[in-house]
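One file, start.tsv, is given below (TSV, C-alpha atoms).
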chain	number	residue	atom	x	y	z
P	114	GLU	CA	-31.96	19.00	6.51
P	115	THR	CA	-28.24	18.99	5.77
P	116	GLY	CA	-25.17	17.38	7.31
P	117	VAL	CA	-24.93	14.11	9.18
P	118	THR	CA	-27.61	13.33	11.75
P	119	GLN	CA	-27.27	10.66	14.41
P	120	THR	CA	-30.00	9.31	16.65
P	121	PRO	CA	-30.37	8.86	19.50
P	122	ARG	CA	-27.96	11.36	21.08
P	123	HIS	CA	-27.83	9.33	24.29
P	124	LEU	CA	-28.55	5.67	24.93
P	125	VAL	CA	-28.42	3.60	28.09
P	126	MET	CA	-28.82	-0.13	27.62
P	127	GLY	CA	-28.44	-3.29	29.60
P	128	MET	CA	-26.07	-6.03	28.56
P	129	THR	CA	-28.91	-8.24	27.35
P	130	ASN	CA	-30.68	-5.57	25.31
P	131	LYS	CA	-30.75	-5.09	21.56
P	132	LYS	CA	-30.68	-1.57	20.22
P	133	SER	CA	-29.74	0.24	17.03
P	134	LEU	CA	-27.93	3.47	16.27
P	135	LYS	CA	-29.00	5.41	13.21
P	136	CYS	CA	-27.04	7.73	10.97
P	137	GLU	CA	-28.40	9.73	8.06
P	138	GLN	CA	-26.65	12.05	5.61
P	139	HIS	CA	-28.14	14.36	3.00
P	140	LEU	CA	-24.87	15.44	1.42
P	141	GLY	CA	-24.88	13.07	-1.54
P	142	HIS	CA	-21.80	11.34	-0.18
P	143	ASN	CA	-20.92	7.83	-1.28
P	144	ALA	CA	-18.94	6.65	1.74
P	145	MET	CA	-20.04	6.28	5.37
P	146	TYR	CA	-18.15	5.28	8.50
P	147	TRP	CA	-18.62	4.23	12.10
P	148	TYR	CA	-16.03	5.33	14.66
P	149	LYS	CA	-15.77	4.58	18.36
P	150	GLN	CA	-14.37	7.24	20.67
P	151	SER	CA	-13.50	6.15	24.19
P	152	ALA	CA	-12.06	8.34	26.90
P	153	LYS	CA	-8.29	8.77	26.66
P	154	LYS	CA	-8.05	6.57	23.54
P	155	PRO	CA	-7.55	7.42	19.86
P	156	LEU	CA	-10.47	7.34	17.50
P	157	GLU	CA	-11.14	3.75	16.43
P	158	LEU	CA	-12.41	3.12	12.92
P	159	MET	CA	-14.98	0.35	13.08
P	160	PHE	CA	-16.63	0.03	9.67
P	161	VAL	CA	-16.42	1.61	6.24
P	162	TYR	CA	-19.11	1.52	3.58
P	163	SER	CA	-18.66	2.63	0.00
P	164	LEU	CA	-21.76	2.76	-2.19
P	165	GLU	CA	-23.59	0.60	0.35
P	166	GLU	CA	-20.93	-2.11	0.29
P	167	ARG	CA	-18.83	-2.79	3.35
P	168	VAL	CA	-15.19	-2.28	2.43
P	169	GLU	CA	-13.57	-2.43	5.83
P	170	ASN	CA	-14.22	-4.14	9.13
P	171	ASN	CA	-11.51	-3.47	11.66
P	172	SER	CA	-11.71	-6.61	13.81
P	173	VAL	CA	-14.86	-5.41	15.49
P	174	PRO	CA	-16.64	-7.95	17.75
P	175	SER	CA	-19.72	-9.55	16.25
P	176	ARG	CA	-21.94	-7.95	18.91
P	177	PHE	CA	-21.69	-4.88	16.65
P	178	SER	CA	-23.49	-5.39	13.34
P	179	PRO	CA	-23.57	-2.61	10.72
P	180	GLU	CA	-26.18	-2.18	8.04
P	181	CYS	CA	-26.22	0.21	5.09
P	182	PRO	CA	-29.54	-0.10	3.23
P	183	ASN	CA	-28.78	2.84	0.92
P	184	SER	CA	-26.14	5.50	0.48
P	185	SER	CA	-27.92	7.92	2.83
P	186	HIS	CA	-28.45	5.67	5.83
P	187	LEU	CA	-26.20	3.69	8.09
P	188	PHE	CA	-27.15	1.66	11.15
P	189	LEU	CA	-25.19	0.02	13.92
P	190	HIS	CA	-27.10	-2.84	15.55
P	191	LEU	CA	-26.03	-3.64	19.09
P	192	HIS	CA	-26.66	-6.80	21.10
P	193	THR	CA	-25.25	-8.33	24.27
P	194	LEU	CA	-22.81	-5.49	24.77
P	195	GLN	CA	-20.25	-5.23	27.55
P	196	PRO	CA	-19.64	-2.29	29.89
P	197	GLU	CA	-16.34	-1.57	28.09
P	198	ASP	CA	-18.40	-0.82	24.97
P	199	SER	CA	-19.60	2.38	26.61
P	200	ALA	CA	-18.30	5.20	24.42
P	201	LEU	CA	-19.23	7.92	21.97
P	202	TYR	CA	-20.11	6.38	18.61
P	203	LEU	CA	-19.52	8.71	15.70
P	204	CYS	CA	-20.86	8.41	12.20
P	205	ALA	CA	-19.13	10.18	9.33
P	206	SER	CA	-19.50	10.48	5.59
P	207	SER	CA	-17.28	11.59	2.73
P	208	GLN	CA	-17.63	12.24	-0.97
P	209	ASP	CA	-15.85	9.00	-1.71
P	210	VAL	CA	-13.89	6.44	0.23
P	211	SER	CA	-10.57	8.20	-0.33
P	212	GLY	CA	-11.76	10.98	1.98
P	213	GLY	CA	-9.68	13.48	0.04
P	214	LEU	CA	-12.17	16.29	0.63
P	215	GLY	CA	-12.51	15.47	4.32
P	216	TYR	CA	-15.12	13.82	6.45
P	217	THR	CA	-18.36	15.24	7.80
P	218	PHE	CA	-19.21	13.93	11.25
P	219	GLY	CA	-22.44	13.60	13.13
P	220	SER	CA	-22.75	14.71	16.75
P	221	GLY	CA	-22.47	11.14	17.96
P	222	THR	CA	-24.44	8.79	20.17
P	223	ARG	CA	-23.26	8.60	23.77
P	224	LEU	CA	-23.74	4.95	24.69
P	225	THR	CA	-23.69	3.68	28.26
P	226	VAL	CA	-23.86	-0.07	28.87
P	227	VAL	CA	-25.01	-1.01	32.37
R	23	GLY	CA	3.28	3.36	7.09
R	24	ASP	CA	1.12	6.45	6.87
R	25	SER	CA	0.45	8.20	10.16
R	26	VAL	CA	-0.09	11.46	11.98
R	27	THR	CA	1.63	12.51	15.20
R	28	GLN	CA	0.40	15.48	17.19
R	29	MET	CA	1.57	16.99	20.42
R	30	GLU	CA	0.13	15.53	23.57
R	31	GLY	CA	-2.00	17.64	25.79
R	32	PRO	CA	-3.61	18.86	27.71
R	33	VAL	CA	-2.76	22.44	26.83
R	34	THR	CA	-3.94	25.25	29.10
R	35	LEU	CA	-3.66	28.88	27.99
R	36	SER	CA	-4.88	32.22	29.20
R	37	GLU	CA	-7.29	34.16	27.03
R	38	GLU	CA	-5.55	36.12	24.22
R	39	ALA	CA	-2.45	33.90	24.36
R	40	PHE	CA	-0.82	32.52	21.22
R	41	LEU	CA	-1.61	28.91	20.36
R	42	THR	CA	0.49	26.35	18.53
R	43	ILE	CA	-0.44	22.68	18.31
R	44	ASN	CA	2.19	20.67	16.50
R	45	CYS	CA	1.34	18.03	13.92
R	46	THR	CA	3.74	16.00	11.79
R	47	TYR	CA	2.93	13.31	9.31
R	48	THR	CA	4.37	10.33	7.49
R	49	ALA	CA	2.86	9.55	4.10
R	50	THR	CA	3.78	7.35	1.17
R	51	GLY	CA	1.68	9.32	-1.29
R	52	TYR	CA	0.52	12.92	-1.62
R	53	PRO	CA	-1.73	13.61	1.34
R	54	SER	CA	-4.35	16.20	2.02
R	55	LEU	CA	-4.12	17.53	5.57
R	56	PHE	CA	-6.89	18.54	7.95
R	57	TRP	CA	-7.57	19.93	11.37
R	58	TYR	CA	-10.78	18.91	13.10
R	59	VAL	CA	-12.20	20.36	16.31
R	60	GLN	CA	-14.45	18.61	18.81
R	61	TYR	CA	-16.34	20.77	21.30
R	62	PRO	CA	-17.58	19.12	24.50
R	63	GLY	CA	-20.42	16.69	23.85
R	64	GLU	CA	-20.22	17.07	20.09
R	65	GLY	CA	-18.83	15.25	17.07
R	66	LEU	CA	-15.80	16.37	15.10
R	67	GLN	CA	-16.08	19.42	12.86
R	68	LEU	CA	-13.75	20.25	10.02
R	69	LEU	CA	-11.79	23.36	11.03
R	70	LEU	CA	-9.48	23.80	8.04
R	71	LYS	CA	-7.67	21.87	5.36
R	72	ALA	CA	-4.84	22.07	2.82
R	73	THR	CA	-4.54	19.84	-0.19
R	74	LYS	CA	-1.02	20.50	-1.47
R	75	ALA	CA	2.37	21.68	-0.33
R	76	ASP	CA	2.63	25.36	0.75
R	77	ASP	CA	-1.15	25.71	0.93
R	78	LYS	CA	-2.41	27.55	3.99
R	79	GLY	CA	-5.76	26.57	5.47
R	80	SER	CA	-7.53	29.11	7.63
R	81	ASN	CA	-10.82	29.46	9.49
R	82	LYS	CA	-12.09	31.30	12.59
R	83	GLY	CA	-8.66	32.85	13.16
R	84	PHE	CA	-6.87	29.50	13.03
R	85	GLU	CA	-4.20	28.80	10.43
R	86	ALA	CA	-2.05	25.87	9.35
R	87	THR	CA	0.47	25.66	6.52
R	88	TYR	CA	1.25	22.44	4.67
R	89	ARG	CA	5.04	22.13	4.90
R	90	LYS	CA	6.32	19.29	2.77
R	91	GLU	CA	9.98	19.90	3.67
R	92	THR	CA	9.30	19.39	7.38
R	93	THR	CA	6.23	17.11	6.90
R	94	SER	CA	4.28	19.33	9.25
R	95	PHE	CA	0.89	21.00	9.53
R	96	HIS	CA	1.02	22.94	12.79
R	97	LEU	CA	-2.14	24.69	13.97
R	98	GLU	CA	-1.80	28.31	15.14
R	99	LYS	CA	-4.00	31.08	16.45
R	100	GLY	CA	-2.79	34.47	17.46
R	101	SER	CA	-5.23	35.15	20.29
R	102	VAL	CA	-7.31	32.34	21.77
R	103	GLN	CA	-10.69	32.75	23.41
R	104	VAL	CA	-12.48	30.75	26.08
R	105	SER	CA	-14.80	29.46	23.36
R	106	ASP	CA	-11.82	27.78	21.64
R	107	SER	CA	-11.63	25.23	24.47
R	108	ALA	CA	-12.00	21.90	22.70
R	109	VAL	CA	-10.07	18.88	21.46
R	110	TYR	CA	-8.17	19.37	18.20
R	111	PHE	CA	-7.38	16.50	15.83
R	112	CYS	CA	-4.87	16.54	13.01
R	113	ALA	CA	-5.67	14.18	10.13
R	114	LEU	CA	-4.41	13.18	6.72
R	115	SER	CA	-5.94	11.60	3.67
R	116	ILE	CA	-3.93	9.77	1.03
R	117	THR	CA	-5.38	10.16	-2.43
R	118	ASN	CA	-5.58	6.56	-3.40
R	119	THR	CA	-8.07	3.75	-3.59
R	120	GLY	CA	-9.51	2.44	-0.38
R	121	ASN	CA	-9.86	4.11	2.97
R	122	GLN	CA	-6.69	6.04	3.63
R	123	PHE	CA	-7.69	8.51	6.32
R	124	TYR	CA	-5.67	8.81	9.51
R	125	PHE	CA	-6.39	10.81	12.67
R	126	GLY	CA	-3.98	11.95	15.33
R	127	THR	CA	-4.75	11.21	18.97
R	128	GLY	CA	-6.16	14.66	19.68
R	129	THR	CA	-4.92	17.57	21.78
R	130	SER	CA	-7.15	19.00	24.48
R	131	LEU	CA	-7.07	22.78	24.80
R	132	THR	CA	-8.48	24.69	27.76
R	133	VAL	CA	-8.53	28.49	27.65
R	134	ILE	CA	-9.00	30.24	30.97
R	135	PRO	CA	-10.28	33.81	31.37
Could you take the file, read its structure, and then write that structure out as structure tokens?
Amino acid sequence: ETGVTQTPRHLVMGMTNKKSLKCEQHLGHNAMYWYKQSAKKPLELMFVYSLEERVENNSVPSRFSPECPNSSHLFLHLHTLQPEDSALYLCASSQDVSGGLGYTFGSGTRLTVV
Amino acid sequence: GDSVTQMEGPVTLSEEAFLTINCTYTATGYPSLFWYVQYPGEGLQLLLKATKADDKGSNKGFEATYRKETTSFHLEKGSVQVSDSAVYFCALSITNTGNQFYFGTGTSLTVIP
């Protein structure tokens, strides 16, 4: 399997639930990213990992907790979310953290918080 | 600071019309430039890229030329199809340490038969 794979594609969760989003890449890339895409808003960079080390955290609320156990996998753990957290969550990877060769994106997880 | 500005949408065109989506950038270093496309319900896909001045990126009938003198990377297609309906994002990457990748706000294109 090639490219960036995200699971699940769709997720509906209550505000008291705990769930996790998974991202996997088989491209040999060293950098991975989480983005949030909300309707009528620009893409929001949430987290950046380079060689499994978090290098950027853009003031994201603590109810979002990333985990990068190895260079091929990235998780986003969710707990006590709010309805305004409903969005498309996109994972991406790149050869290195400069992104000079471009990013490869997954298809996203459509999250709905009820 | 470094940034990308692209034309606001939405853009609606008839099939076979000519498409231009404007993109200009501000960069302190020597950026690589990209166009991404997002079809409904999908993630972003790399459409084309250019890594230095005067380079032309092309793919699927789309073209964009890296113009350093006007700091622009406008996306063009001579004859659009209904299947080109999507959101298009301009982006730049600064070759430097750290995460230096910037996306525009996206331009929605709808092509009607």
task = Do me a favour and pick out the residues of chain R within 10 Å of chain P, using only C-alpha atoms, as a count of residues only.
result = 35
inquiry  = I need every residue sitting at most 10 Å from the point (-24.8, 2.9, 23.7) (coordinates as in the file, all atoms listed in the file considered), written as a list in words.
reply    =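 Checking each residue against the 10 Å limit leaves Pro121, Arg122, His123, Leu124, Val125, Met126, Gly127, Lys132, Ser133, Leu134, Leu191, Leu194, Pro196, Asp198, Ser199, Ala200, Leu201, Tyr202, Thr222, Arg223, Leu224, Thr225, Val226 and Val227 of chain P.
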query = Using all atoms listed in the file, which of R:Thr46, R:Thr92, R:Thr132, R:Thr87 sits nearest Val109 in chain R?
reply =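 When distances to Val109 in chain R are compared using all atoms listed in the file, the smallest one comes from R:Thr132.
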task = Please measure the separation of CA of His192 in chain P and CA of Pro62 in chain R, giving the value in Å to one decimal.
result =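 For CA of His192 in chain P relative to CA of Pro62 in chain R, the distance reads 27.7 Å.
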query = R:Cys112, R:Val133, R:Leu69, R:Leu97: which is nearest Thr42 in chain R, counting all atoms listed in the file?
reply = R:Leu97
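Across R:Ala86, R:Leu131, R:Val26, R:Ala49, the tightest approach to Tyr110 in chain R is made by R:Leu131 when counting only C-alpha atoms.
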For Lys99 in chain R, please output as an mmCIF file with C-alpha atoms, in the coordinates of the input all residues within 6 Å (counting all atoms listed in the file; exclusion window: fewer than 6 positions along the same chain).
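Listing of around08.cif after writing:
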data_model
loop_
_atom_site.group_PDB
_atom_site.id
_atom_site.type_symbol
_atom_site.label_atom_id
_atom_site.label_comp_id
_atom_site.auth_asym_id
_atom_site.auth_seq_id
_atom_site.Cartn_x
_atom_site.Cartn_y
_atom_site.Cartn_z
ATOM 1 C CA PHE R 40 -0.820 32.520 21.220
ATOM 2 C CA LEU R 41 -1.610 28.910 20.360
ATOM 3 C CA GLY R 83 -8.660 32.850 13.160
ATOM 4 C CA PHE R 84 -6.870 29.500 13.030
#
message = Just the number, please: distance in Å from CA of Gly51 in chain R to CA of Leu140 in chain P, one decimal.
response = 27.4 Å
